[in-house]
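Peer 1: Dumping the structure here so I can ask a few things about it.
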Amino acid sequence: MSANAAPITATDSLSQALKANIIPNQEYLLQGSVLDSAVEVLLHRLRGLCDNVDAGPETFDDQEVCFSLRDPNHHQAPPLMLRVRKALDARDMPFQLRYIGQPDLGDKNRPTVVRSSLDIACSGMLIEFLNELGCRIEFEYSVKGYMFRKGRMKITVAKVFKISQNSMPPEPISQSYLVELSVLAPQGQDAIGEDMRAFADQLRPLVQLDKIDYKRLGHMSVS
Amino acid sequence: MNMQQREEKQLEATIVAILNRVNDLKTAIQALINKLETEYETINWPTFLDNYAILSGHLTGLSKILQAEQAASLRSRIVLPLQLSCERDETLAHLTEGRVPACTHDLVPDLLRTKPEPQAEQRLQQFNHKASTLSYDTAQKHIAQFTKVVSHVWEIISKGREDWEGESMRSTGMQPTHNIADTHALVTAVGTGKGLRPGMANMVGQGAAGMGPARGPAPQLGPAPSTLPKAPSAIKTNIKAANQIHPYQR
């Protein structure tokens, strides 16, 4: 870069980052669950396997609202889904706006689900902004559980709750904890998938972490 | 030219790797000596042997590096002592942390030795001699005996493993720790909201655009639930959004 070049704008640096492929916009994901009765054993094992053990496992208590934005010209087109997440246990943290793309399961040889994922931290005005945009609330839920780290990998063990309308205590979705193993990485870093498989194998037979296509599952149960 | 550079680079990398290993080994030995000096009253055999295991691990690592192909270029290098002197050499003393103050006639035969010590060499020769004079039959007998012992130990270990694995399999078999149906329920709930939409279980297929916002729950995601004035505003914008659901269609 020469000294007399035009000042670099945010768009410039963004497109440069895109070109250099350094934006971690791909999520590599494996999912599974563990029964409430066995969650202690799993947490114990994770504490042995993961990096952040000396401080004890990190807990989180989040609420997520999923918004949809339909294209008015194409009613049949699937709506754009946007997720807003907020920490209930840390009120001063920003809201998280997240776009998750279609999960790509690939063939048998691909070790994990890959989907595009964009995250951004937002202020509390976000909900109003989305409403003004024409977004509708599709559903909401809260997740409460534990987060572990192992290198680049993130492991969450969390209970998913349905949010009740009339100040009743939140109702758990099932008698199990959702277990997710994920890594955010730039495009084309498929080697991490193998690492994740290897890690997932260490949690067997306690938890079976797999590529799960919720789209297909959803259709099966609806039709 | 290029080739030479590459070779030099390779050599450097090898030397760095060897140096690291040797340093590891050195610290391990220091730790052991330290332990012996400070804990000689309380140390027990298992910890002592653990320390030995660490040492032998480092030694294996070192010999692996030396065996690796990159180390081949080391073979073609020669160390040639040019000058021996009894005077103290400060650089050398510094390099060796004060252990070798001078490159003297005493030390050089030990430091630059590439063969085992004469005593060890002699004993090795004795053994070789003994082995070569042994008759074929006796050797076979010894081997058979040894195989018998080893296979017996192997049997004991594998039986123990079977027992142990069977036990752990049984205990996990009795109590399943995960449930595929639960996994699917959770993943679909988080992914598509199935089972999370209050009162709109079968809204997915039909034109949900019109009725959604009115029925959808008010977002409880406000900056803080206790701030009352915030809540009505959220609902208001909700209704507004419903009216303007197709803002670009005229």
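Ligands are numbered from 1 in the order shown, residues from 1 within each chain, and chains are lettered A, B, ... in the order they appear in the structure tokens.
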Can you list every residue of chain A that has an atom at most 8 Å from chain B, with its nearest atom pair and the distance in Å to one decimal, using only C-alpha atoms, ordered by chain then number, as CSV?

Peer 2:
```
residue,atom,partner,partner_atom,distance
A:Gln31,CA,B:Val187,CA,7.6
A:Gly32,CA,B:Thr183,CA,5.4
A:Ser33,CA,B:Thr183,CA,4.9
A:Val34,CA,B:His178,CA,4.5
A:Leu35,CA,B:His178,CA,5.2
A:Ser37,CA,B:Thr177,CA,7.4
A:Ala38,CA,B:Thr177,CA,5.5
A:Gln63,CA,B:Leu221,CA,7.4
A:Val65,CA,B:Pro219,CA,7.5
A:Arg70,CA,B:Ala209,CA,7.9
A:Pro72,CA,B:His246,CA,5.6
A:Asn73,CA,B:Gln249,CA,7.8
A:Lys86,CA,B:Leu221,CA,7.1
A:Arg91,CA,B:Ala224,CA,7.5
A:Gly124,CA,B:Pro223,CA,5.6
A:Ile127,CA,B:Leu221,CA,7.8
A:Glu128,CA,B:Ala234,CA,6.6
A:Asn131,CA,B:Ala241,CA,5.7
A:Glu132,CA,B:Ala241,CA,5.9
A:Leu133,CA,B:Ala241,CA,7.5
A:Gly134,CA,B:Ala241,CA,5.1
A:Cys135,CA,B:Ala241,CA,7.2
A:Arg136,CA,B:Pro213,CA,5.9
A:Ile137,CA,B:Gly216,CA,6.3
A:Glu138,CA,B:Arg197,CA,7.1
A:Phe139,CA,B:Arg197,CA,5.2
A:Glu140,CA,B:Leu196,CA,6.5
A:Tyr141,CA,B:Leu196,CA,6.8
A:Val160,CA,B:Leu186,CA,7.3
A:Lys162,CA,B:Leu196,CA,5.8
A:Ile163,CA,B:Leu196,CA,7.8
A:Gln165,CA,B:Pro217,CA,7.5
A:Ile173,CA,B:Leu186,CA,6.9
A:Ser174,CA,B:Asp182,CA,6.3
A:Gln175,CA,B:Asp182,CA,7.3
A:Ser176,CA,B:Asp182,CA,6.3
A:Leu178,CA,B:Leu186,CA,6.3
A:Pro205,CA,B:Thr177,CA,7.9
A:Leu206,CA,B:Thr177,CA,5.6
A:Val207,CA,B:His178,CA,6.0
A:Gln208,CA,B:His178,CA,7.4
A:Ile212,CA,B:Val187,CA,7.7
A:Tyr214,CA,B:Thr188,CA,5.1
A:Lys215,CA,B:Thr192,CA,7.6
A:Leu217,CA,B:Thr188,CA,7.0
A:Gly218,CA,B:Thr188,CA,6.3
```

Peer 1: With C-alpha atoms kept, could you save the residues just selected as a short mmCIF file (atom, residue, chain, number, x, y, z; two decimals), in the first residue's frame?

Peer 2:
```
data_model
loop_
_atom_site.label_atom_id
_atom_site.label_comp_id
_atom_site.auth_asym_id
_atom_site.auth_seq_id
_atom_site.Cartn_x
_atom_site.Cartn_y
_atom_site.Cartn_z
CA GLN A 31 -24.95 -32.70 17.28
CA GLY A 32 -26.19 -35.18 19.80
CA SER A 33 -27.89 -35.45 23.13
CA VAL A 34 -27.41 -36.97 26.54
CA LEU A 35 -30.07 -38.07 29.01
CA SER A 37 -29.38 -39.00 34.23
CA ALA A 38 -26.03 -39.24 32.44
CA GLN A 63 -32.62 -16.75 25.23
CA VAL A 65 -35.68 -15.61 19.28
CA ARG A 70 -40.28 -13.30 3.70
CA PRO A 72 -42.87 -10.30 -0.71
CA ASN A 73 -42.37 -11.09 -4.39
CA LYS A 86 -29.29 -12.65 24.54
CA ARG A 91 -27.31 -8.43 31.13
CA GLY A 124 -30.81 -3.81 22.47
CA ILE A 127 -35.50 -6.28 18.07
CA GLU A 128 -37.25 -3.04 17.16
CA ASN A 131 -39.65 -5.50 13.51
CA GLU A 132 -39.40 -2.35 11.43
CA LEU A 133 -37.77 -4.37 8.69
CA GLY A 134 -40.84 -6.60 8.57
CA CYS A 135 -39.41 -9.56 10.40
CA ARG A 136 -41.79 -11.82 12.25
CA ILE A 137 -41.11 -13.84 15.32
CA GLU A 138 -41.19 -17.49 14.41
CA PHE A 139 -40.34 -19.07 17.71
CA GLU A 140 -38.27 -18.57 20.81
CA TYR A 141 -36.61 -20.70 23.41
CA VAL A 160 -33.51 -26.36 25.81
CA LYS A 162 -39.88 -23.69 25.85
CA ILE A 163 -40.77 -20.21 27.00
CA GLN A 165 -46.46 -17.14 28.28
CA ILE A 173 -38.26 -29.77 25.55
CA SER A 174 -37.13 -33.25 26.48
CA GLN A 175 -35.50 -35.35 29.17
CA SER A 176 -32.13 -34.80 27.51
CA LEU A 178 -28.52 -31.03 23.68
CA PRO A 205 -20.66 -44.31 23.87
CA LEU A 206 -21.85 -41.65 26.29
CA VAL A 207 -23.00 -39.35 23.51
CA GLN A 208 -23.38 -40.07 19.84
CA ILE A 212 -28.16 -34.41 11.68
CA TYR A 214 -33.09 -31.19 10.85
CA LYS A 215 -34.70 -30.11 7.59
CA LEU A 217 -36.42 -34.64 10.11
CA GLY A 218 -38.84 -31.73 10.17
#
```

Peer 1: Give me the residues within 12 Å of A:Gly106 as a list in words, counting only C-alpha atoms and dropping any in the same chain fewer than 6 places off.

Peer 2: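 Counting only C-alpha atoms, the residues come to Tyr28, Thr112, Val113, Val114, Arg115, Asp190, Lys211, Ile212 and Asp213 of chain A.
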
Peer 1: Counting only C-alpha atoms, which of A:Ser142, A:Ser164, A:Gln76, A:Gln187 gets nearest to A:Ala20?

Peer 2: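 Once distances to A:Ala20 are computed over only C-alpha atoms, the minimum belongs to A:Gln187.
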
Peer 1: Which parts of stretch 5-67 of chain A does DSSP call strand (DSSP E or B) when run on the backbone here, written out as a ChimeraX atom specification?

Peer 2: /A:26-35,58-67

Peer 1: Can you write out the residues you just picked, keeping N, CA and C atoms, as an mmCIF file, in the first residue's frame?

Peer 2:
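Contents of again-v8.cif, freshly written:
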```cif
data_model
loop_
_atom_site.group_PDB
_atom_site.id
_atom_site.type_symbol
_atom_site.label_atom_id
_atom_site.label_comp_id
_atom_site.auth_asym_id
_atom_site.auth_seq_id
_atom_site.Cartn_x
_atom_site.Cartn_y
_atom_site.Cartn_z
ATOM 1 N N GLN A 26 -17.854 -20.215 8.162
ATOM 2 C CA GLN A 26 -18.382 -21.562 8.010
ATOM 3 C C GLN A 26 -18.431 -22.223 9.375
ATOM 4 N N GLU A 27 -19.564 -22.836 9.659
ATOM 5 C CA GLU A 27 -19.649 -23.560 10.920
ATOM 6 C C GLU A 27 -19.620 -25.049 10.651
ATOM 7 N N TYR A 28 -18.683 -25.721 11.289
ATOM 8 C CA TYR A 28 -18.604 -27.180 11.225
ATOM 9 C C TYR A 28 -19.299 -27.687 12.478
ATOM 10 N N LEU A 29 -20.260 -28.581 12.291
ATOM 11 C CA LEU A 29 -21.154 -28.890 13.413
ATOM 12 C C LEU A 29 -21.447 -30.386 13.538
ATOM 13 N N LEU A 30 -21.432 -30.847 14.775
ATOM 14 C CA LEU A 30 -21.903 -32.195 15.092
ATOM 15 C C LEU A 30 -22.870 -32.061 16.264
ATOM 16 N N GLN A 31 -23.953 -32.834 16.210
ATOM 17 C CA GLN A 31 -24.952 -32.700 17.275
ATOM 18 C C GLN A 31 -25.308 -34.050 17.882
ATOM 19 N N GLY A 32 -25.751 -33.983 19.110
ATOM 20 C CA GLY A 32 -26.190 -35.185 19.795
ATOM 21 C C GLY A 32 -26.906 -34.795 21.070
ATOM 22 N N SER A 33 -27.235 -35.786 21.872
ATOM 23 C CA SER A 33 -27.889 -35.452 23.135
ATOM 24 C C SER A 33 -27.489 -36.454 24.199
ATOM 25 N N VAL A 34 -27.705 -36.060 25.438
ATOM 26 C CA VAL A 34 -27.410 -36.969 26.542
ATOM 27 C C VAL A 34 -28.562 -36.891 27.539
ATOM 28 N N LEU A 35 -28.945 -38.037 28.068
ATOM 29 C CA LEU A 35 -30.065 -38.066 29.006
ATOM 30 C C LEU A 35 -29.700 -37.338 30.293
ATOM 31 N N GLU A 58 -17.657 -23.268 31.993
ATOM 32 C CA GLU A 58 -18.365 -22.004 31.868
ATOM 33 C C GLU A 58 -19.848 -22.284 31.714
ATOM 34 N N THR A 59 -20.653 -21.560 32.463
ATOM 35 C CA THR A 59 -22.094 -21.770 32.313
ATOM 36 C C THR A 59 -22.664 -20.668 31.447
ATOM 37 N N PHE A 60 -23.799 -20.946 30.831
ATOM 38 C CA PHE A 60 -24.498 -19.891 30.109
ATOM 39 C C PHE A 60 -25.995 -20.083 30.230
ATOM 40 N N ASP A 61 -26.717 -19.000 30.087
ATOM 41 C CA ASP A 61 -28.173 -19.030 30.157
ATOM 42 C C ASP A 61 -28.657 -18.012 29.137
ATOM 43 N N ASP A 62 -29.014 -18.488 27.964
ATOM 44 C CA ASP A 62 -29.347 -17.602 26.859
ATOM 45 C C ASP A 62 -30.801 -17.744 26.454
ATOM 46 N N GLN A 63 -31.295 -16.679 25.836
ATOM 47 C CA GLN A 63 -32.619 -16.753 25.235
ATOM 48 C C GLN A 63 -32.449 -16.455 23.754
ATOM 49 N N GLU A 64 -33.090 -17.243 22.922
ATOM 50 C CA GLU A 64 -32.952 -17.037 21.488
ATOM 51 C C GLU A 64 -34.327 -16.854 20.859
ATOM 52 N N VAL A 65 -34.444 -15.837 20.027
ATOM 53 C CA VAL A 65 -35.679 -15.610 19.283
ATOM 54 C C VAL A 65 -35.332 -15.737 17.815
ATOM 55 N N CYS A 66 -36.137 -16.525 17.088
ATOM 56 C CA CYS A 66 -35.876 -16.695 15.673
ATOM 57 C C CYS A 66 -36.876 -15.875 14.873
ATOM 58 N N PHE A 67 -36.381 -14.975 14.047
ATOM 59 C CA PHE A 67 -37.216 -14.132 13.195
ATOM 60 C C PHE A 67 -37.184 -14.659 11.771
#
```

Peer 1: Write out as a PyMOL selection string the set of residues from stretch 12-220 of chain A that DSSP, computed on the backbone, places in alpha helix (DSSP H).

Peer 2: chain A and resi 12-20+39-49+126-133+191-202+214-220

Peer 1: Which of these, B:Leu36, B:Val22, B:Leu84, B:Leu95, has the shortest distance to B:Pro109 once you count only C-alpha atoms?

Peer 2: B:Leu84

Peer 1: For B:Ser56, which of B:Leu25, B:Thr14, B:Pro118, B:Val79 is the closest residue, counting only C-alpha atoms?

Peer 2: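 The shortest atom-to-atom distance to B:Ser56 comes from B:Leu25.
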
Peer 1: Kindly indicate which residue among A:Leu49, A:Asn25, A:Val84, A:Ser116 lies nearest to A:Phe129, using only C-alpha atoms for the distances.

Peer 2: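 That would be A:Val84, the residue with the smallest distance to A:Phe129.
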